[in-house]
Every structure is written in C-alpha cells, then in structure tokens.
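To be precise, the following lines are final-v5.txt, and they hold compact mmCIF, C-alpha atoms.
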```txt
# COMPACT_ATOMS: atom_id res chain seq x y z
CA MET T 147 87.07 -31.70 15.60
CA ALA T 148 83.90 -33.67 16.13
CA GLN T 149 80.68 -31.94 15.19
CA HIS T 150 77.84 -32.08 17.65
CA SER T 151 74.30 -32.27 16.32
CA THR T 152 72.13 -29.32 17.30
CA GLU T 153 68.89 -31.06 16.36
CA GLN T 154 66.51 -31.83 19.18
CA THR T 155 64.38 -34.90 19.20
CA ALA T 156 60.64 -34.04 18.96
CA PRO T 157 58.55 -35.32 21.84
CA ALA T 158 56.89 -38.58 21.02
CA THR T 159 53.18 -38.42 20.21
CA PRO T 160 51.17 -40.51 22.66
CA ALA T 161 49.97 -43.65 20.98
CA ILE T 162 46.19 -44.02 20.61
CA ALA T 163 44.92 -47.46 21.40
CA LEU T 164 42.91 -49.32 18.80
CA GLY T 165 39.24 -48.44 19.16
CA GLU T 166 39.90 -45.52 21.51
CA ARG T 167 37.61 -42.53 20.97
CA ARG T 168 39.35 -39.40 19.73
CA PHE T 169 36.38 -37.06 20.15
CA GLY T 170 35.99 -36.68 23.88
CA ARG T 171 32.66 -37.33 25.57
CA MET T 172 30.57 -36.56 22.48
CA ASN T 173 31.34 -36.98 18.80
CA TRP T 174 29.47 -33.84 17.73
CA LEU T 175 30.61 -34.08 14.11
CA GLY T 176 29.36 -37.64 13.79
CA LEU T 177 26.13 -36.82 15.61
CA ARG T 178 25.43 -33.85 13.32
CA THR T 179 26.18 -35.97 10.27
CA LEU T 180 23.79 -38.74 11.32
CA ALA T 181 21.07 -36.23 12.23
CA ARG T 182 21.54 -34.46 8.87
CA ARG T 183 21.27 -37.78 7.07
CA GLU T 184 18.01 -38.67 8.85
CA ILE T 185 16.49 -35.25 8.17
CA THR T 186 17.62 -35.16 4.54
CA ARG T 187 16.25 -38.67 4.06
CA PHE T 188 12.65 -37.53 4.54
CA LEU T 189 13.06 -34.06 3.04
CA VAL T 190 14.09 -35.38 -0.38
CA VAL T 191 10.74 -37.17 -0.61
CA TRP T 192 8.73 -34.43 1.12
CA THR T 193 5.61 -35.09 -0.93
CA GLN T 194 5.44 -38.57 0.62
CA THR T 195 6.69 -37.78 4.13
CA LEU T 196 5.24 -34.31 4.76
CA MET T 197 2.57 -33.46 2.22
CA ALA T 198 0.82 -36.85 2.22
CA PRO T 199 0.26 -36.90 6.03
CA MET T 200 -1.17 -33.37 5.90
CA VAL T 201 -3.59 -34.37 3.13
CA THR T 202 -4.60 -37.47 5.09
CA ALA T 203 -5.25 -35.39 8.21
CA ALA T 204 -7.37 -32.96 6.19
CA LEU T 205 -9.40 -35.86 4.76
CA PHE T 206 -9.98 -37.26 8.26
CA LEU T 207 -11.28 -33.91 9.45
CA MET T 208 -13.49 -33.40 6.40
CA ILE T 209 -15.02 -36.89 6.51
CA PHE T 210 -15.70 -36.86 10.25
CA ASN T 211 -17.13 -33.37 10.06
CA ILE T 212 -19.48 -34.33 7.21
CA ALA T 213 -20.52 -37.66 8.76
CA ILE T 214 -20.81 -36.67 12.44
CA GLY T 215 -20.11 -32.98 12.92
CA PRO T 216 -23.46 -31.31 12.14
CA GLY T 217 -25.47 -33.42 14.61
CA ARG T 218 -22.77 -34.09 17.18
CA GLY T 219 -23.02 -30.91 19.18
CA ASP T 220 -20.25 -29.38 21.28
CA VAL T 221 -17.61 -31.51 22.99
CA MET T 222 -15.84 -30.00 26.00
CA GLY T 223 -17.50 -26.70 25.19
CA VAL T 224 -16.18 -26.40 21.64
CA PRO T 225 -17.53 -27.52 18.24
CA PHE T 226 -16.78 -31.15 17.40
CA ILE T 227 -14.44 -30.25 14.54
CA GLU T 228 -12.31 -28.11 16.86
CA PHE T 229 -12.24 -30.91 19.45
CA LEU T 230 -11.22 -33.41 16.78
CA ALA T 231 -8.48 -31.33 15.13
CA PRO T 232 -5.76 -31.58 17.85
CA GLY T 233 -6.24 -35.35 18.11
CA ILE T 234 -5.89 -35.80 14.36
CA MET T 235 -2.79 -33.61 14.38
CA MET T 236 -1.13 -35.56 17.19
CA MET T 237 -2.05 -38.92 15.71
CA THR T 238 -0.40 -37.86 12.44
CA VAL T 239 2.71 -36.63 14.26
CA ILE T 240 3.30 -39.84 16.21
CA GLN T 241 2.66 -42.09 13.21
CA ASN T 242 5.23 -40.18 11.15
CA ALA T 243 7.79 -40.05 13.96
CA PHE T 244 7.48 -43.82 14.36
CA ALA T 245 7.73 -44.38 10.62
CA ASN T 246 10.84 -42.22 10.30
CA THR T 247 13.05 -44.17 12.72
CA SER T 248 11.62 -47.64 12.12
CA SER T 249 11.81 -47.45 8.32
CA SER T 250 15.33 -46.02 8.41
CA ILE T 251 16.64 -48.94 10.47
CA VAL T 252 14.68 -51.71 8.75
CA ILE T 253 15.64 -50.54 5.26
CA THR T 254 19.35 -50.46 6.12
CA LYS T 255 19.11 -53.91 7.72
CA VAL T 256 17.35 -55.42 4.71
CA GLN T 257 19.73 -53.75 2.24
CA GLY T 258 22.74 -54.82 4.32
CA ASN T 259 24.21 -51.32 4.81
CA ILE T 260 23.44 -50.92 8.51
CA VAL T 261 27.21 -51.24 8.85
CA ASP T 262 27.50 -47.66 7.55
CA THR T 263 25.83 -46.52 10.77
CA LEU T 264 27.56 -48.95 13.12
CA MET T 265 31.18 -48.60 11.93
CA PRO T 266 31.72 -44.84 12.46
CA PRO T 267 33.00 -43.85 15.94
CA LEU T 268 29.53 -43.24 17.34
CA SER T 269 28.33 -44.47 20.71
CA GLY T 270 24.90 -45.98 21.19
CA PHE T 271 23.70 -42.75 22.77
CA GLU T 272 24.92 -40.68 19.81
CA ILE T 273 23.19 -43.01 17.34
CA LEU T 274 20.02 -42.73 19.43
CA LEU T 275 20.14 -38.92 19.34
CA GLY T 276 20.80 -38.89 15.60
CA TYR T 277 17.77 -41.04 14.82
CA LEU T 278 15.55 -39.11 17.24
CA ALA T 279 16.59 -35.81 15.63
CA GLY T 280 15.06 -36.99 12.37
CA ALA T 281 11.87 -38.17 14.10
CA VAL T 282 11.41 -34.89 15.97
CA ALA T 283 12.13 -32.77 12.90
CA ARG T 284 9.58 -34.68 10.81
CA GLY T 285 6.98 -34.63 13.60
CA VAL T 286 7.33 -30.89 14.22
CA LEU T 287 7.16 -30.03 10.51
CA VAL T 288 4.01 -32.13 10.10
CA ALA T 289 2.46 -30.47 13.17
CA LEU T 290 3.32 -26.99 11.91
CA GLY T 291 1.80 -27.76 8.52
CA ILE T 292 -1.44 -29.11 10.00
CA GLY T 293 -1.57 -26.32 12.60
CA THR T 294 -1.22 -23.69 9.89
CA GLY T 295 -4.04 -25.31 7.95
CA LEU T 296 -6.27 -25.31 11.03
CA MET T 297 -5.70 -21.59 11.54
CA LEU T 298 -6.28 -20.69 7.90
CA VAL T 299 -9.28 -22.94 7.22
CA LEU T 300 -11.00 -23.38 10.58
CA GLY T 301 -9.73 -20.29 12.37
CA VAL T 302 -8.44 -22.44 15.25
CA VAL T 303 -5.69 -20.47 17.00
CA PRO T 304 -3.82 -22.40 19.74
CA GLU T 305 -4.65 -21.24 23.26
CA HIS T 306 -1.23 -22.34 24.58
CA PRO T 307 1.08 -22.81 21.58
CA LEU T 308 4.21 -23.59 23.61
CA VAL T 309 2.38 -26.31 25.53
CA ALA T 310 1.16 -27.80 22.26
CA LEU T 311 4.69 -27.70 20.82
CA LEU T 312 6.12 -29.35 23.96
CA PHE T 313 3.70 -32.27 23.69
CA VAL T 314 4.40 -32.58 19.95
CA VAL T 315 8.12 -32.90 20.70
CA LEU T 316 7.47 -35.41 23.49
CA GLY T 317 5.22 -37.41 21.17
CA ALA T 318 7.87 -37.47 18.46
CA LEU T 319 10.50 -38.55 21.00
CA PHE T 320 8.33 -41.31 22.44
CA LEU T 321 7.18 -42.78 19.13
CA GLY T 322 10.58 -42.15 17.55
CA GLY T 323 12.16 -44.20 20.35
CA LEU T 324 9.51 -46.89 19.91
CA GLY T 325 10.29 -46.88 16.19
CA ILE T 326 13.97 -47.54 16.95
CA VAL T 327 13.04 -50.46 19.20
CA ALA T 328 10.68 -51.87 16.56
CA GLY T 329 13.20 -51.33 13.76
CA VAL T 330 15.95 -53.10 15.67
CA PHE T 331 13.65 -55.99 16.61
CA ALA T 332 12.11 -56.48 13.15
CA GLU T 333 14.10 -58.46 10.60
CA LYS T 334 11.73 -58.03 7.65
CA PHE T 335 9.15 -55.57 6.37
CA ASP T 336 6.22 -57.83 7.24
CA GLN T 337 7.33 -57.91 10.88
CA MET T 338 7.48 -54.12 10.84
CA ALA T 339 3.99 -53.97 9.34
CA ALA T 340 2.68 -56.26 12.09
CA ILE T 341 4.12 -54.01 14.81
CA THR T 342 2.57 -50.97 13.15
CA ASN T 343 -0.86 -52.57 12.71
CA PHE T 344 -1.17 -54.31 16.06
CA ILE T 345 0.65 -51.91 18.40
CA VAL T 346 1.08 -48.40 17.03
CA THR T 347 -2.30 -48.01 15.30
CA PRO T 348 -4.35 -49.25 18.31
CA LEU T 349 -2.35 -46.98 20.64
CA ALA T 350 -3.22 -44.01 18.42
CA PHE T 351 -6.87 -44.82 17.76
CA LEU T 352 -7.80 -45.93 21.30
CA SER T 353 -6.48 -42.83 23.03
CA GLY T 354 -9.24 -40.25 22.79
CA THR T 355 -8.38 -39.05 19.31
CA PHE T 356 -12.00 -39.07 18.14
CA TYR T 357 -13.84 -38.88 21.48
CA SER T 358 -13.58 -37.78 25.08
CA VAL T 359 -12.56 -40.68 27.30
CA GLU T 360 -14.96 -39.39 29.96
CA ALA T 361 -17.76 -40.81 27.80
CA LEU T 362 -16.35 -44.35 28.08
CA PRO T 363 -17.41 -47.01 30.58
CA PRO T 364 -15.21 -47.12 33.73
CA VAL T 365 -13.11 -50.10 32.61
CA LEU T 366 -12.31 -48.64 29.18
CA ARG T 367 -11.67 -45.25 30.76
CA LEU T 368 -9.10 -46.84 33.08
CA LEU T 369 -7.41 -48.62 30.18
CA SER T 370 -7.26 -45.34 28.26
CA HIS T 371 -5.50 -43.65 31.18
CA LEU T 372 -2.86 -46.39 31.08
CA ASN T 373 -2.05 -45.50 27.47
CA PRO T 374 0.76 -42.88 27.20
CA VAL T 375 -0.57 -41.76 23.81
CA PHE T 376 -3.78 -40.62 25.55
CA TYR T 377 -1.73 -38.06 27.51
CA LEU T 378 0.05 -36.92 24.35
CA ILE T 379 -3.22 -36.26 22.55
CA ASP T 380 -4.82 -34.77 25.65
CA GLY T 381 -1.84 -32.44 26.16
CA VAL T 382 -1.94 -31.19 22.58
CA ARG T 383 -5.70 -30.73 22.89
CA PHE T 384 -5.14 -28.55 25.96
CA GLY T 385 -2.52 -26.55 24.08
CA VAL T 386 -4.84 -25.97 21.13
CA ILE T 387 -8.33 -25.52 22.61
CA GLY T 388 -7.46 -24.89 26.27
CA THR T 389 -9.34 -27.87 27.75
CA SER T 390 -8.52 -31.53 28.36
CA ASP T 391 -9.70 -34.74 30.03
CA SER T 392 -6.79 -34.89 32.49
CA SER T 393 -4.30 -32.55 34.12
CA PRO T 394 -1.68 -31.26 31.65
CA LEU T 395 0.96 -31.53 34.39
CA LEU T 396 0.14 -35.20 34.90
CA GLY T 397 0.30 -35.67 31.15
CA LEU T 398 3.67 -33.95 31.00
CA LEU T 399 5.01 -36.25 33.73
CA VAL T 400 3.68 -39.44 32.12
CA CYS T 401 4.91 -38.47 28.63
CA SER T 402 8.35 -37.49 29.91
CA LEU T 403 8.79 -40.73 31.87
CA SER T 404 7.52 -42.78 28.93
CA SER T 405 9.94 -41.06 26.55
CA VAL T 406 12.87 -41.65 28.93
CA ALA T 407 11.90 -45.31 29.42
CA ILE T 408 11.57 -46.14 25.72
CA GLY T 409 14.67 -44.08 24.93
CA THR T 410 16.66 -46.06 27.50
CA LEU T 411 15.50 -49.34 25.99
CA ALA T 412 16.45 -48.13 22.51
CA TRP T 413 19.86 -47.00 23.77
CA LEU T 414 20.54 -50.41 25.36
CA MET T 415 19.65 -52.16 22.12
CA LEU T 416 21.84 -49.85 20.04
CA ARG T 417 24.75 -50.05 22.47
CA SER T 418 24.72 -53.84 22.57
CA GLY T 419 24.17 -54.26 18.84
CA TYR T 420 21.14 -56.48 19.45
CA ARG T 421 19.95 -57.83 16.08
CA LEU T 422 22.23 -55.32 14.37
CA LYS T 423 25.65 -56.97 14.60
CA SER T 424 26.19 -60.44 13.24
```
Hey, can you dump this file as structure tokens for me?
Amino acid sequence: MAQHSTEQTAPATPAIALGERRFGRMNWLGLRTLARREITRFLVVWTQTLMAPMVTAALFLMIFNIAIGPGRGDVMGVPFIEFLAPGIMMMTVIQNAFANTSSSIVITKVQGNIVDTLMPPLSGFEILLGYLAGAVARGVLVALGIGTGLMLVLGVVPEHPLVALLFVVLGALFLGGLGIVAGVFAEKFDQMAAITNFIVTPLAFLSGTFYSVEALPPVLRLLSHLNPVFYLIDGVRFGVIGTSDSSPLLGLLVCSLSSVAIGTLAWLMLRSGYRLKS
C-alpha cells in the first residue's frame, strides 16, 4: 500500500530585490547609529570640542569688557557686557555646529572611508538627519555651558529661555547644514579652511555680534538684514536680554526658511552622491 506524505510545503518567502529597502520608510536603527557616531565623535575629545569653545567665548567677553566695556555705556538699555554675551554665545554655537558636520565629512573623504557612511542602507535624508543630530547636540551643549557661565559669573538670567533655545537649535541646524554642503564640496582641508575663513567667519562677525546694527549706515544696515546669521544672533539676544534689533517672529521665519533651504541643498547633494561617489 502506497504511503502518502503528510508533510505540507511551507509557503515561499517573497524574494527581496537587490537594493530594496527592508526597513520601511525610515531606517531608524541606521539613523540612530549614525547620530550616535556623530555625537560620540565630539564627546570623546570634549576638551577640544566643548571646553575650548567655552574658554574662547569667556576670553572674548573678558577682553571686550576690559577694552570697551567701562566707557561704552548701555546698549539697548542693558550694560555692554550683557548685550555682548548672547552674540558671543550664538557665534560660538554656529561655528561649532559648522565644524562638526564639515570636519566629519572632509576627514572621511580624505581618509577614504566615506564608503562606511554611503554603503549602509541609509537614504540621503537619513544621512542628513544623522549628521545634523551631531551638529545640534554639540551646539546645544556649548550654549548650555556658556549660558551657565553667564548666570554664575555675570548674573545674566535669560528672559525667554525657550526662545533662546529655539534659536540655538535653528542656528545649529542652519550652520550644520551649511557644514554638510561645504564638506561635500571641499576635496581637501585647505578648501575647507577657505570656506570657513571667507564665508562662515564673515557671516558670524558681520551680523551684529559686537554691535547693534541700528548704529550702522543705511547700506550696511540693509546688508546686515540680508544675513540669516543676524536673525539668529538677534533672536538669541531677545531670548537672553528681552530686547532685539528686529522682530523675533520675523527672525524665526527667516531662520526657519534658511534652515530648510540649506537642508534641502544638503539632502540633494547627499542623495545624488555629488563629490562623494567615484
């Protein structure tokens, strides 16, 4: 008598096409891993990435206060040192946010291991978010360190702390995105240094960091209002001392649109592999 097999054939597993994403709309595991890498990268050298900027900011404040402060008088109704402090803090934040993303990309390109970022199943948008997470984390930590020092040493307590924090985050996003664009574009360290010296530094210094733009001639005042960094510094100044050169709402709009615009450009460059893929 013939024996009939009682085994049932298991349903076939649908084949996954080569290169097809297996993580749905967002690869959260990969995104968290990249963000953790970017944050850990600056935390392991915290004396260089966190402590050094705070010391530099303190030196700026001390030197300007000694050289100008005693005879300067009030600015916007507050002592000069209190007017200067938010600008120094924001300038430090944006410089470090820019440095975090730009150096990360340029170093991996020069060392030839940018492939470690490009080969995992991460979209351009996920890579963008991972890099920006590191920039924002570094910027916020620097701001918190400087803000704590201002409260302990100068007794400057923020008038609107949430507003100040919002502009700090926007500043880190904007300059972090600009750092990605610069890092992708630059092929060597000297190109990166040129971008820093001729674009980022002028944007930071010519934005009302050390003065009120209302004291400038009309033409220079107009040029200052075309600089997104002016609105970042002005917004943080409003959050800290409660007064500003322009409307905080206008600043919020300009900074948000600028962050979206530079983030979109960075995303397009990462998605296409411009100057990243051979």
Give the answer as one residue: which of T:Leu275, T:Leu378, T:Val256, T:Leu175 has the shortest atom-to-atom distance to Thr355 (chain T), using all atoms listed in the file?
T:Leu378
Local residues around (25.1, -37.5, 11.1), at most 12 Å away, using all atoms listed in the file, as a count of residues only
30
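In this model, the gap between CA of Phe244 (chain T) and CA of Ala328 (chain T) comes to 8.9 Å.
CA of Pro304 (chain T) sits 10.6 Å away from CA of Glu228 (chain T).
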Considering all atoms listed in the file, state which residue in the set T:Gly322, T:Gly397, T:Gly381, T:Gly293 is at the smallest distance from Ala243 (chain T).
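Counting all atoms listed in the file, the residue closest to Ala243 (chain T) is T:Gly322.
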Taking every listed atom of region 173-177 of chain T and adding 3 Å to each side, what centre and edge lengths in Å (one decimal) does the axis-aligned box have, as JSON?
```
{"center_x": 28.7, "center_y": -35.7, "center_z": 16.3, "size_x": 11.2, "size_y": 9.8, "size_z": 11.0}
```
Can you list, as JSON, numbers by chain, every protein, DNA or RNA residue that comes within 10 Å of Val303 (chain T) when you count all atoms listed in the file, leaving out same-chain residues fewer than 3 positions away?
{"T": [293, 294, 296, 297, 298, 300, 306, 307, 385, 386, 387]}
Could you pull the residues within 8 Å of region 403-405 of chain T, counting all atoms listed in the file, minus those fewer than 2 positions along the same chain, as a list in words?
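My list of contacting residues is Leu316, Leu319, Phe320, Gly323, Pro374, Leu399, Val400, Cys401, Ala407, Ile408 and Gly409 of chain T.
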So, with all atoms listed in the file as the atoms that count, which of T:Ser269, T:Ser392, T:Ser370, T:Ser250 lies closest to Phe335 (chain T)?
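Nearest candidate to Phe335 (chain T) out of T:Ser269, T:Ser392, T:Ser370, T:Ser250: T:Ser250.
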